[in-house]
$ cat coords06.txt   # compact mmCIF, N, CA and C atoms
# COMPACT_ATOMS: atom_id res chain seq x y z
N MET M 1 86.54 92.70 24.06
CA MET M 1 87.48 92.15 25.01
C MET M 1 88.62 93.11 25.30
N ALA M 2 89.03 93.87 24.33
CA ALA M 2 90.15 94.79 24.50
C ALA M 2 89.82 95.85 25.54
N GLN M 3 88.58 96.25 25.60
CA GLN M 3 88.19 97.28 26.57
C GLN M 3 88.26 96.74 27.99
N ASN M 4 87.88 95.52 28.20
CA ASN M 4 87.92 94.93 29.53
C ASN M 4 89.36 94.81 30.05
N THR M 5 90.30 94.44 29.21
CA THR M 5 91.68 94.31 29.65
C THR M 5 92.30 95.67 29.94
N SER M 6 91.92 96.71 29.18
CA SER M 6 92.50 98.02 29.44
C SER M 6 91.98 98.59 30.76
N ILE M 7 90.74 98.29 31.11
CA ILE M 7 90.20 98.76 32.39
C ILE M 7 90.91 98.05 33.53
N SER M 8 91.08 96.74 33.43
CA SER M 8 91.73 96.02 34.50
C SER M 8 93.20 96.40 34.62
N GLU M 9 93.88 96.68 33.48
CA GLU M 9 95.27 97.12 33.53
C GLU M 9 95.38 98.48 34.19
N THR M 10 94.42 99.38 33.94
CA THR M 10 94.43 100.69 34.57
C THR M 10 94.23 100.57 36.07
N GLN M 11 93.30 99.74 36.47
CA GLN M 11 93.06 99.54 37.90
C GLN M 11 94.28 98.92 38.56
N HIS M 12 94.91 97.97 37.87
CA HIS M 12 96.09 97.31 38.42
C HIS M 12 97.25 98.29 38.58
N SER M 13 97.44 99.17 37.60
CA SER M 13 98.54 100.13 37.69
C SER M 13 98.28 101.16 38.78
N GLN M 14 97.01 101.47 39.06
CA GLN M 14 96.70 102.42 40.12
C GLN M 14 96.95 101.80 41.48
N GLN M 15 96.76 100.51 41.61
CA GLN M 15 96.96 99.85 42.89
C GLN M 15 98.43 99.74 43.25
N GLN M 16 99.32 99.69 42.27
CA GLN M 16 100.73 99.51 42.55
C GLN M 16 101.44 100.80 42.90
N GLN M 17 100.81 101.95 42.71
CA GLN M 17 101.45 103.21 43.07
C GLN M 17 101.49 103.31 44.59
N PRO M 18 102.58 103.79 45.15
CA PRO M 18 102.65 103.93 46.60
C PRO M 18 101.61 104.94 47.08
N GLN M 19 100.94 104.58 48.13
CA GLN M 19 99.90 105.45 48.66
C GLN M 19 100.53 106.65 49.34
N GLY M 20 99.90 107.79 49.18
CA GLY M 20 100.38 109.01 49.82
C GLY M 20 101.42 109.75 49.02
N SER M 21 101.82 109.24 47.86
CA SER M 21 102.85 109.92 47.09
C SER M 21 102.31 111.18 46.42
N ALA M 22 100.98 111.23 46.20
CA ALA M 22 100.39 112.39 45.56
C ALA M 22 100.14 113.53 46.54
N ILE M 23 100.25 113.25 47.84
CA ILE M 23 99.99 114.28 48.85
C ILE M 23 101.27 115.07 49.08
N PRO M 24 101.23 116.38 48.92
CA PRO M 24 102.45 117.18 49.14
C PRO M 24 102.77 117.26 50.62
N LYS M 25 104.04 117.34 50.92
CA LYS M 25 104.48 117.46 52.31
C LYS M 25 104.24 118.88 52.79
N PRO M 26 103.81 119.04 54.04
CA PRO M 26 103.57 120.40 54.54
C PRO M 26 104.87 121.15 54.72
N THR M 27 104.84 122.41 54.40
CA THR M 27 106.02 123.25 54.55
C THR M 27 105.89 124.03 55.84
N THR M 28 107.02 124.33 56.45
CA THR M 28 107.01 125.11 57.67
C THR M 28 107.25 126.57 57.34
N ASP M 29 106.45 127.40 57.92
CA ASP M 29 106.57 128.84 57.71
C ASP M 29 106.97 129.45 59.04
N ALA M 30 108.12 130.07 59.11
CA ALA M 30 108.64 130.60 60.36
C ALA M 30 107.72 131.67 60.93
N SER M 31 107.11 132.47 60.08
CA SER M 31 106.24 133.53 60.60
C SER M 31 104.96 132.95 61.18
N ALA M 32 104.47 131.85 60.63
CA ALA M 32 103.26 131.21 61.16
C ALA M 32 103.55 130.51 62.48
N ALA M 33 104.75 129.98 62.65
CA ALA M 33 105.10 129.29 63.88
C ALA M 33 105.25 130.27 65.04
N ASP M 34 105.67 131.50 64.76
CA ASP M 34 105.87 132.47 65.81
C ASP M 34 104.58 133.19 66.19
N ALA M 35 103.55 133.08 65.39
CA ALA M 35 102.31 133.79 65.65
C ALA M 35 101.59 133.15 66.83
N PRO M 36 100.99 133.96 67.71
CA PRO M 36 100.26 133.40 68.85
C PRO M 36 99.02 132.66 68.36
N THR M 37 98.78 131.51 68.94
CA THR M 37 97.64 130.69 68.53
C THR M 37 96.41 130.95 69.38
N ASP M 38 96.59 131.45 70.58
CA ASP M 38 95.46 131.64 71.48
C ASP M 38 95.64 132.96 72.22
N LYS M 39 94.61 133.75 72.27
CA LYS M 39 94.70 135.05 72.93
C LYS M 39 94.65 134.90 74.45
N LYS M 40 94.25 133.74 74.96
CA LYS M 40 94.19 133.53 76.40
C LYS M 40 95.57 133.43 77.03
N ASP M 41 96.60 133.23 76.20
CA ASP M 41 97.96 133.12 76.71
C ASP M 41 98.46 134.44 77.29
N ASP M 42 97.84 135.56 76.90
CA ASP M 42 98.28 136.86 77.38
C ASP M 42 98.06 137.00 78.88
N LYS M 43 97.00 136.41 79.40
CA LYS M 43 96.69 136.51 80.83
C LYS M 43 97.13 135.22 81.52
N ALA M 44 97.78 135.37 82.64
CA ALA M 44 98.20 134.19 83.40
C ALA M 44 96.99 133.61 84.12
N ALA M 45 96.86 132.31 84.08
CA ALA M 45 95.75 131.64 84.76
C ALA M 45 95.98 131.71 86.26
N PRO M 46 94.93 131.92 87.03
CA PRO M 46 95.11 131.97 88.49
C PRO M 46 95.54 130.60 89.01
N VAL M 47 96.42 130.60 89.96
CA VAL M 47 96.93 129.36 90.53
C VAL M 47 95.85 128.78 91.43
N ARG M 48 95.47 127.55 91.15
CA ARG M 48 94.42 126.89 91.92
C ARG M 48 95.02 126.21 93.14
N LYS M 49 94.51 126.54 94.29
CA LYS M 49 94.98 125.93 95.51
C LYS M 49 94.27 124.59 95.68
N ARG M 50 95.04 123.52 95.77
CA ARG M 50 94.46 122.20 95.90
C ARG M 50 94.32 121.87 97.38
N LEU M 51 93.19 121.30 97.70
CA LEU M 51 92.92 120.91 99.08
C LEU M 51 93.19 119.42 99.25
N SER M 52 93.70 119.07 100.40
CA SER M 52 93.96 117.67 100.70
C SER M 52 92.70 117.06 101.29
N LEU M 53 92.08 116.18 100.54
CA LEU M 53 90.83 115.58 101.00
C LEU M 53 90.98 114.11 101.36
N ALA M 54 92.02 113.45 100.91
CA ALA M 54 92.18 112.03 101.18
C ALA M 54 92.70 111.81 102.59
N CYS M 55 92.17 110.79 103.24
CA CYS M 55 92.65 110.46 104.59
C CYS M 55 94.02 109.80 104.48
N THR M 56 94.73 109.73 105.59
CA THR M 56 96.09 109.18 105.56
C THR M 56 96.09 107.69 105.22
N THR M 57 95.08 106.95 105.63
CA THR M 57 95.02 105.52 105.33
C THR M 57 94.90 105.30 103.83
N CYS M 58 94.00 106.04 103.16
CA CYS M 58 93.82 105.91 101.72
C CYS M 58 95.08 106.36 100.97
N ARG M 59 95.75 107.37 101.48
CA ARG M 59 97.00 107.83 100.86
C ARG M 59 98.08 106.76 100.95
N GLN M 60 98.20 106.14 102.12
CA GLN M 60 99.23 105.11 102.30
C GLN M 60 98.94 103.88 101.45
N ARG M 61 97.68 103.51 101.33
CA ARG M 61 97.31 102.32 100.55
C ARG M 61 97.10 102.63 99.07
N LYS M 62 97.17 103.91 98.72
CA LYS M 62 96.99 104.39 97.34
C LYS M 62 95.68 103.90 96.73
N VAL M 63 94.61 104.16 97.48
CA VAL M 63 93.26 103.83 97.02
C VAL M 63 92.43 105.11 96.96
N LYS M 64 91.33 105.05 96.24
CA LYS M 64 90.44 106.20 96.09
C LYS M 64 89.77 106.53 97.41
N CYS M 65 89.81 107.80 97.78
CA CYS M 65 89.17 108.27 99.01
C CYS M 65 88.11 109.30 98.62
N ASP M 66 86.90 109.17 99.17
CA ASP M 66 85.84 110.12 98.84
C ASP M 66 85.85 111.33 99.76
N GLY M 67 86.69 111.33 100.79
CA GLY M 67 86.81 112.48 101.67
C GLY M 67 85.66 112.61 102.66
N GLY M 68 84.91 111.56 102.84
CA GLY M 68 83.79 111.60 103.78
C GLY M 68 84.26 111.74 105.22
N ARG M 69 83.46 112.44 106.00
CA ARG M 69 83.77 112.64 107.42
C ARG M 69 82.66 112.07 108.27
N PRO M 70 82.84 111.51 109.38
CA PRO M 70 84.11 111.31 110.08
C PRO M 70 84.94 110.17 109.51
N SER M 71 84.33 109.30 108.70
CA SER M 71 85.07 108.20 108.11
C SER M 71 84.69 108.09 106.63
N CYS M 72 85.69 107.94 105.77
CA CYS M 72 85.40 107.80 104.34
C CYS M 72 84.81 106.41 104.07
N ARG M 73 84.23 106.23 102.92
CA ARG M 73 83.56 104.96 102.60
C ARG M 73 84.55 103.80 102.53
N THR M 74 85.75 104.05 102.02
CA THR M 74 86.74 102.98 101.90
C THR M 74 87.15 102.47 103.28
N CYS M 75 87.43 103.38 104.18
CA CYS M 75 87.82 102.98 105.53
C CYS M 75 86.65 102.33 106.27
N ALA M 76 85.45 102.82 106.07
CA ALA M 76 84.28 102.23 106.72
C ALA M 76 84.03 100.82 106.19
N LYS M 77 84.22 100.62 104.89
CA LYS M 77 83.97 99.31 104.28
C LYS M 77 84.92 98.25 104.81
N PHE M 78 86.21 98.61 104.97
CA PHE M 78 87.21 97.65 105.42
C PHE M 78 87.53 97.77 106.91
N ASN M 79 86.79 98.61 107.62
CA ASN M 79 86.97 98.83 109.06
C ASN M 79 88.39 99.28 109.39
N TRP M 80 88.92 100.20 108.57
CA TRP M 80 90.23 100.77 108.79
C TRP M 80 90.07 102.07 109.57
N PRO M 81 91.11 102.48 110.32
CA PRO M 81 91.02 103.78 111.00
C PRO M 81 91.12 104.91 109.98
N CYS M 82 90.21 105.85 110.05
CA CYS M 82 90.17 106.95 109.10
C CYS M 82 90.60 108.22 109.80
N ILE M 83 91.79 108.69 109.47
CA ILE M 83 92.37 109.87 110.12
C ILE M 83 92.72 110.89 109.07
N TYR M 84 92.31 112.12 109.30
CA TYR M 84 92.63 113.24 108.40
C TYR M 84 93.66 114.12 109.07
N GLN M 85 94.75 114.39 108.36
CA GLN M 85 95.78 115.29 108.86
C GLN M 85 95.44 116.72 108.42
N PRO M 86 95.64 117.69 109.31
CA PRO M 86 95.35 119.08 108.92
C PRO M 86 96.36 119.64 107.94
$ encode --input "coords06.txt" --output "structure tokens"
Amino acid sequence: MAQNTSISETQHSQQQQPQGSAIPKPTTDASAADAPTDKKDDKAAPVRKRLSLACTTCRQRKVKCDGGRPSCRTCAKFNWPCIYQP
């Protein structure tokens, strides 16, 4: 019987310890923080020119426009005028 109580007391004492107390906190190293993490940062990414594909009706109503011509699907479905500004 003595062995059974010592096992349960050990398990009980392990459960009451705060979790995460055995994990050491990470230290900050100034030299590691200044080191470049990615070699792609040396080259500037080319600026992507975005094209305006949404018709003015879809833009005003803030709905998804598929950019279909002469009329997008949203405008065709609801019989709205579909106009694209240059």
$ residues_around --input "coords06.txt" --residues "Cys55 of chain M" --least-positions-apart "5" --cutoff "8 Å" --atoms "all atoms listed in the file" --output "VMD selection string"
chain M and resid 60 to 61 64 to 68 72 81 to 85
$ atom_distance --input "coords06.txt" --atom1 "atom N of Arg73 of chain M" --atom2 "atom C of Pro86 of chain M"
18.8 Å
$ atom_distance --input "coords06.txt" --atom1 "atom CA of Cys75 of chain M" --atom2 "atom C of Arg48 of chain M"
27.3 Å
$ atom_distance --input "coords06.txt" --atom1 "atom CA of Ser52 of chain M" --atom2 "atom CA of Trp80 of chain M"
19.1 Å
